[in-house]
Amino acid sequence: MELLLAKYNYWIYAVIMMIGLYAMLAKNNLIKKIIGMGIFQTGIIVFYVSIGAKRGGTIPIIEHGHGAEVHEVIKALDYVNPLPHVLMLTAIVVSVGTLGVALAIALRIYTEYNTLHEDEILEKIND
Amino acid sequence: MIWQIDIMILTLIVICGVFAISVKDLLGAAVVFGAYSFLMCLLWTEMGAVDVAFTEAAVGAGVSTVLFFAAVHRSSRQVKARVSGRLLYKWLGLVASGLMGGVLFYASTDFPDWADPASPASSHLSPHFITQTLTETSVPNIVTSVLADYRGFDTMFETAVVLTAGLAVLIILRLGGCRTAGPVREKSAAIQTAYKDSIIRFVTRMVVPFMQLFALYVIAHGHHSPGGGFQGGVILGASFILLAISYDLKMALNRINEKAALLLANTGVLIYAGIGFLCMLLGANFLDYSILHRILPATDEIAARSHAMLGVEIGVALTVMVIVMVIYNNIVSNGTYEKGL
Amino acid sequence: MINTLTITLMIAGLFFFFATTVGVLRFPDFYTRMHAAGKGDTLSSLLILVGLAIYNLHHISAGNILVTIKILFILMFIFLASPTATHAIIDAGYESGIKPWGKESNREGQDDLAD
Amino acid sequence: MRYLYTFLLMFGFWLLLSGKFDLFHLTLGVISSLLVSWMSSDLLFIDSSKKGRLIEVWRLILYIPWILKEILLSTLHVTWLALHPAMKEKIAPRIVNFKTRLQSDAARVTLANSITLTPGTITVRIEGDVFTVHALSDKVASGLPGEMEERIARIFTEERP
Amino acid sequence: MSNFFIATGVVLCLFMLLALYRTIFGPTIIDRMMGANIIGTKTTVLLIIIGTIYGRVDMFVDIALAYAMLNFIVTIAASRYFAHHKNIRAEGYGVLHYTPTKEADK
């Protein structure tokens, strides 16, 4: 049980990344590949946020904290690690950008070849 | 962290992920992927990453699912059942992902335990951020202060990446000849009553202004509660997307046409970089906000950092809002701006 | 006192959530399933959120009252949006020409929709 | 005029959301409310000429307890059906059409959403004056539109034809 | 009290698992959307519950509100898809199949 608790997040992120990689490599349909890409990205985010978690830590917003007049001692152990959150926050927003570009490329391919399936596209290119 | 909920949600996530890639209907796959994002949002909240959860709620659960719908609307929905020549790829995918998974599982034995307070990641840089943010910047939300101040350089280029993505979508979909009918300049798309699906339109009309105000609130209060430029920008963009969905594309374009939109997007990045250069002009380093107390009235160095962060967030919000709109508008109309979802 | 009230409300909410889920699994077609989904969800969210809002008033202060008002605002939004969403989905189903399940009509056209 | 109304409404909403009443945040609130009323005041109030909107809102608030009671009954009914072992014998789904006399959009939407929230009925669509409603059993289908339309007509002060 | 909230959260997750059955196995796309919608409502509630467990609900209500709003958008978008295609089956390329024009390719 202890082992499960300590490592479960890391196992799951590995499984999620495996699912994403499999979809990107093996799926025939382009939109499916893009979904696989999204899953792969979230796998990485799970890893980062799991690293930031802290037992007994609350959310990284300081309580009753407005203005410099607050003189209570802030202990680092009371708050979860904010650094992975920052990195992943921007990563999520960038992921919507990459998702948009990927879908645009897929649409462009569809206008050109009238299919979203990889094997048909390859056939039409080789013709 | 709440480990009971953590384990439940992680298990649900794996189920969702497996089926998101195996459902034989693209729209269904998009819906399952949307549910996957919902669960992700819960996972972040449960681990205490409220800002990430907010972003995921806005981006993952909202906008990206709508983008998938738009793309499926413009292309096809069918997935071919089985293709004989793909067996090689299947095995390749299995072997590659198996190898990667094996390596990652092996590596996980070396990781510190989950939620260990003494793990290396939590013991070097982040204690400084946590303990000093109030005295140095007077911003209680540590994520905001790290995002906009301590790592401001990074965030500026993230914003630039988002802008680039929007421009790339424009270029890709318009490539090979101008298919646009020019900017839409019809006044006919004003709001009328008595449409067929009047329920959706009425509710949309009621909801959109509140949504926009909520987005502005999120931007303005990013210092004290979760939120900030990215989240607020996405919600603002989503409010225009909601208009475009429930009325039509022209209605949203009448409010912000493409030219104004792109101008705004560039202004956003310029505001960010401009604040940085302003600091340089006053003799400090790039994006070193504390020098700004010389020109901002009634502020000391600490308050200047806080206020400059707000300015930066506004810039980020402008860019993100416009780019989300531009990506949606182009994908749903395949670059022509003619007819939306 | 407050704790008892909260627990009662939340257990009632959970019960209705359970009924919703069972209904969604058991009803014969999506029109009827939507009856379960649309209603149970609204009422059970109402019960649970009101329970939490009351629990939040444990220590009465300006901030807590404001949070309670915000929770009630979420409720209001759910009450506006949830029927609309239900309507939108069911309208989509009606648009695509699927006959509702009935006793006299046999169930053709239902099962072959599985993909 | 509608700009002013939108501005006031939005500023009230801001005060609710914000909870910070210092000068800096109030200024931000004024700016945001101005922005929103500039962007989308034509969405909230289409017919700005109409009088007596406040009274309508007040009567709508008075309507809420009644609709809550109806929702409770509705959910109990659906719960009973969902958990009943012989559920398929009990239900008789059917589609009902009826004409409404409500004219304004707001009244119709209130009626449609109320129907969706109450026992065993869901509004499928509104076409012209005709509501199409999916009902779960004969009992609830016969009672449409009934008392609800009366009440909503009273809220929005629509005269009898 | 905290234990009670955690138990509630776990029970809600179990209900999600049941709703996930509808999301994944359909049979129609409408059922999937309904399942996703149910998961969305439960998530909104669960967010506030997690906030209560952390003891800082004021930080979580904003997320729940944003969440409810965007969930609404997704449902509306999906229903508009059917208003155009009038087809809930996956086979075929849809009724309003988009065909690229010739001049578009040049």
# chains A, B, ... in the order shown; residues from 1 in each chain; ligands from 1
>>> interface_residues(of="chain D", to="chain C", cutoff="6 Å", atoms="only C-alpha atoms", output="ChimeraX atom specification")
/D:75,79,82,93,113,116,124
>>> select_by_dssp(residues="chain A", states="strand (DSSP E or B)", output="VMD selection string")
chain A and resid 29 58 61 79 117
>>> select_by_dssp(residues="stretch 62-189 of chain B", states="helix (DSSP H, G or I)", output="PyMOL selection string")
chain B and resi 62-74+84-108+120-123+126-137+142-150+152-174
>>> closest_residue(among="D:Thr123, D:Ser41, D:Asn97, D:Thr132", to="B:Arg205", atoms="only C-alpha atoms")
D:Ser41
>>> residues_around(residues="B:Leu170", least_positions_apart="2", cutoff="12 Å", atoms="only C-alpha atoms", output="NGL selection string")
(:A and (100-101 or 103-105 or 108)) or (:B and (163-168 or 172-176 or 178-180 or 258 or 262 or 323 or 325-331 or 333-337))
>>> write_last_selection(atoms="N, CA and C atoms", output="mmCIF file, in the first residue's frame")
data_model
loop_
_atom_site.group_PDB
_atom_site.id
_atom_site.type_symbol
_atom_site.label_atom_id
_atom_site.label_comp_id
_atom_site.auth_asym_id
_atom_site.auth_seq_id
_atom_site.Cartn_x
_atom_site.Cartn_y
_atom_site.Cartn_z
ATOM 1 N N GLY A 100 -4.220 23.814 -32.280
ATOM 2 C CA GLY A 100 -4.780 24.564 -33.400
ATOM 3 C C GLY A 100 -3.978 24.357 -34.656
ATOM 4 N N VAL A 101 -2.649 24.438 -34.542
ATOM 5 C CA VAL A 101 -1.815 24.262 -35.733
ATOM 6 C C VAL A 101 -1.973 22.862 -36.291
ATOM 7 N N LEU A 103 -4.522 20.808 -36.012
ATOM 8 C CA LEU A 103 -5.823 20.639 -36.665
ATOM 9 C C LEU A 103 -5.851 21.378 -37.983
ATOM 10 N N ALA A 104 -5.189 22.545 -38.040
ATOM 11 C CA ALA A 104 -5.157 23.284 -39.296
ATOM 12 C C ALA A 104 -4.435 22.481 -40.362
ATOM 13 N N ILE A 105 -3.325 21.836 -39.975
ATOM 14 C CA ILE A 105 -2.595 21.018 -40.951
ATOM 15 C C ILE A 105 -3.475 19.863 -41.415
ATOM 16 N N ARG A 108 -6.001 21.099 -43.812
ATOM 17 C CA ARG A 108 -5.361 21.426 -45.088
ATOM 18 C C ARG A 108 -5.141 20.148 -45.887
ATOM 19 N N LEU B 163 1.142 33.600 -30.044
ATOM 20 C CA LEU B 163 0.890 34.476 -31.194
ATOM 21 C C LEU B 163 1.332 33.800 -32.477
ATOM 22 N N THR B 164 2.523 33.177 -32.446
ATOM 23 C CA THR B 164 3.032 32.495 -33.627
ATOM 24 C C THR B 164 2.097 31.382 -34.059
ATOM 25 N N ALA B 165 1.540 30.660 -33.072
ATOM 26 C CA ALA B 165 0.628 29.567 -33.411
ATOM 27 C C ALA B 165 -0.577 30.103 -34.164
ATOM 28 N N GLY B 166 -1.123 31.231 -33.683
ATOM 29 C CA GLY B 166 -2.273 31.811 -34.373
ATOM 30 C C GLY B 166 -1.931 32.192 -35.800
ATOM 31 N N LEU B 167 -0.775 32.831 -35.963
ATOM 32 C CA LEU B 167 -0.376 33.234 -37.315
ATOM 33 C C LEU B 167 -0.154 32.010 -38.189
ATOM 34 N N ALA B 168 0.409 30.943 -37.604
ATOM 35 C CA ALA B 168 0.654 29.734 -38.375
ATOM 36 C C ALA B 168 -0.650 29.134 -38.869
ATOM 37 N N ILE B 172 -1.387 28.470 -42.739
ATOM 38 C CA ILE B 172 -1.620 27.113 -43.251
ATOM 39 C C ILE B 172 -2.956 27.027 -43.973
ATOM 40 N N LEU B 173 -3.992 27.617 -43.369
ATOM 41 C CA LEU B 173 -5.316 27.447 -43.973
ATOM 42 C C LEU B 173 -5.517 28.337 -45.186
ATOM 43 N N ARG B 174 -4.752 29.410 -45.304
ATOM 44 C CA ARG B 174 -4.927 30.294 -46.460
ATOM 45 C C ARG B 174 -3.911 30.023 -47.553
ATOM 46 N N LEU B 175 -3.055 29.032 -47.345
ATOM 47 C CA LEU B 175 -1.957 28.789 -48.270
ATOM 48 C C LEU B 175 -2.500 28.479 -49.653
ATOM 49 N N GLY B 176 -1.812 28.937 -50.682
ATOM 50 C CA GLY B 176 -2.213 28.594 -52.040
ATOM 51 C C GLY B 176 -3.410 29.380 -52.492
ATOM 52 N N CYS B 178 -5.702 33.242 -52.296
ATOM 53 C CA CYS B 178 -6.524 33.929 -51.308
ATOM 54 C C CYS B 178 -7.953 33.458 -51.443
ATOM 55 N N ARG B 179 -8.414 32.731 -50.454
ATOM 56 C CA ARG B 179 -9.780 32.248 -50.520
ATOM 57 C C ARG B 179 -10.712 33.093 -49.678
ATOM 58 N N THR B 180 -10.185 34.156 -49.097
ATOM 59 C CA THR B 180 -11.052 34.948 -48.226
ATOM 60 C C THR B 180 -11.907 35.895 -49.035
ATOM 61 N N GLU B 258 -11.106 40.682 -38.328
ATOM 62 C CA GLU B 258 -9.803 40.053 -38.273
ATOM 63 C C GLU B 258 -8.685 41.053 -38.101
ATOM 64 N N LEU B 262 -6.011 40.933 -35.049
ATOM 65 C CA LEU B 262 -4.567 40.710 -35.120
ATOM 66 C C LEU B 262 -3.810 41.896 -34.557
ATOM 67 N N ILE B 323 -5.963 35.119 -30.082
ATOM 68 C CA ILE B 323 -5.469 33.947 -30.796
ATOM 69 C C ILE B 323 -6.458 32.796 -30.685
ATOM 70 N N MET B 325 -9.641 33.087 -30.476
ATOM 71 C CA MET B 325 -10.708 33.397 -31.434
ATOM 72 C C MET B 325 -10.277 33.128 -32.866
ATOM 73 N N VAL B 326 -9.064 33.567 -33.198
ATOM 74 C CA VAL B 326 -8.607 33.418 -34.585
ATOM 75 C C VAL B 326 -8.505 31.943 -34.951
ATOM 76 N N ILE B 327 -7.959 31.145 -34.026
ATOM 77 C CA ILE B 327 -7.832 29.716 -34.319
ATOM 78 C C ILE B 327 -9.209 29.106 -34.542
ATOM 79 N N TYR B 328 -10.161 29.425 -33.660
ATOM 80 C CA TYR B 328 -11.499 28.847 -33.826
ATOM 81 C C TYR B 328 -12.127 29.295 -35.142
ATOM 82 N N ASN B 329 -12.089 30.622 -35.385
ATOM 83 C CA ASN B 329 -12.766 31.137 -36.574
ATOM 84 C C ASN B 329 -12.217 30.513 -37.841
ATOM 85 N N ASN B 330 -10.892 30.323 -37.887
ATOM 86 C CA ASN B 330 -10.309 29.793 -39.113
ATOM 87 C C ASN B 330 -10.565 28.317 -39.273
ATOM 88 N N ILE B 331 -10.490 27.583 -38.170
ATOM 89 C CA ILE B 331 -10.687 26.143 -38.313
ATOM 90 C C ILE B 331 -12.135 25.835 -38.647
ATOM 91 N N SER B 333 -14.237 27.585 -40.265
ATOM 92 C CA SER B 333 -14.669 27.960 -41.608
ATOM 93 C C SER B 333 -13.646 27.552 -42.645
ATOM 94 N N ASN B 334 -12.664 26.760 -42.261
ATOM 95 C CA ASN B 334 -11.598 26.339 -43.149
ATOM 96 C C ASN B 334 -10.910 27.538 -43.801
ATOM 97 N N GLY B 335 -10.761 28.595 -43.049
ATOM 98 C CA GLY B 335 -10.014 29.744 -43.540
ATOM 99 C C GLY B 335 -10.797 30.710 -44.386
ATOM 100 N N THR B 336 -12.116 30.459 -44.566
ATOM 101 C CA THR B 336 -12.850 31.347 -45.458
ATOM 102 C C THR B 336 -13.722 32.351 -44.723
ATOM 103 N N TYR B 337 -13.976 32.159 -43.477
ATOM 104 C CA TYR B 337 -14.853 33.040 -42.707
ATOM 105 C C TYR B 337 -16.265 33.083 -43.263
#
>>> interface_residues(of="chain D", to="chain E", cutoff="12 Å", atoms="only C-alpha atoms", output="short mmCIF file (atom, residue, chain, number, x, y, z; two decimals) with C-alpha atoms, in the first residue's frame")
data_model
loop_
_atom_site.label_atom_id
_atom_site.label_comp_id
_atom_site.auth_asym_id
_atom_site.auth_seq_id
_atom_site.Cartn_x
_atom_site.Cartn_y
_atom_site.Cartn_z
CA LEU D 17 -17.23 38.69 -7.35
CA SER D 18 -14.42 40.85 -6.13
CA GLY D 19 -14.97 41.34 -2.41
#
>>> residues_around(residues="C:Leu47", least_positions_apart="6", cutoff="7 Å", atoms="only C-alpha atoms", output="list in words")
Leu9, Met10 and Gly13 of chain C
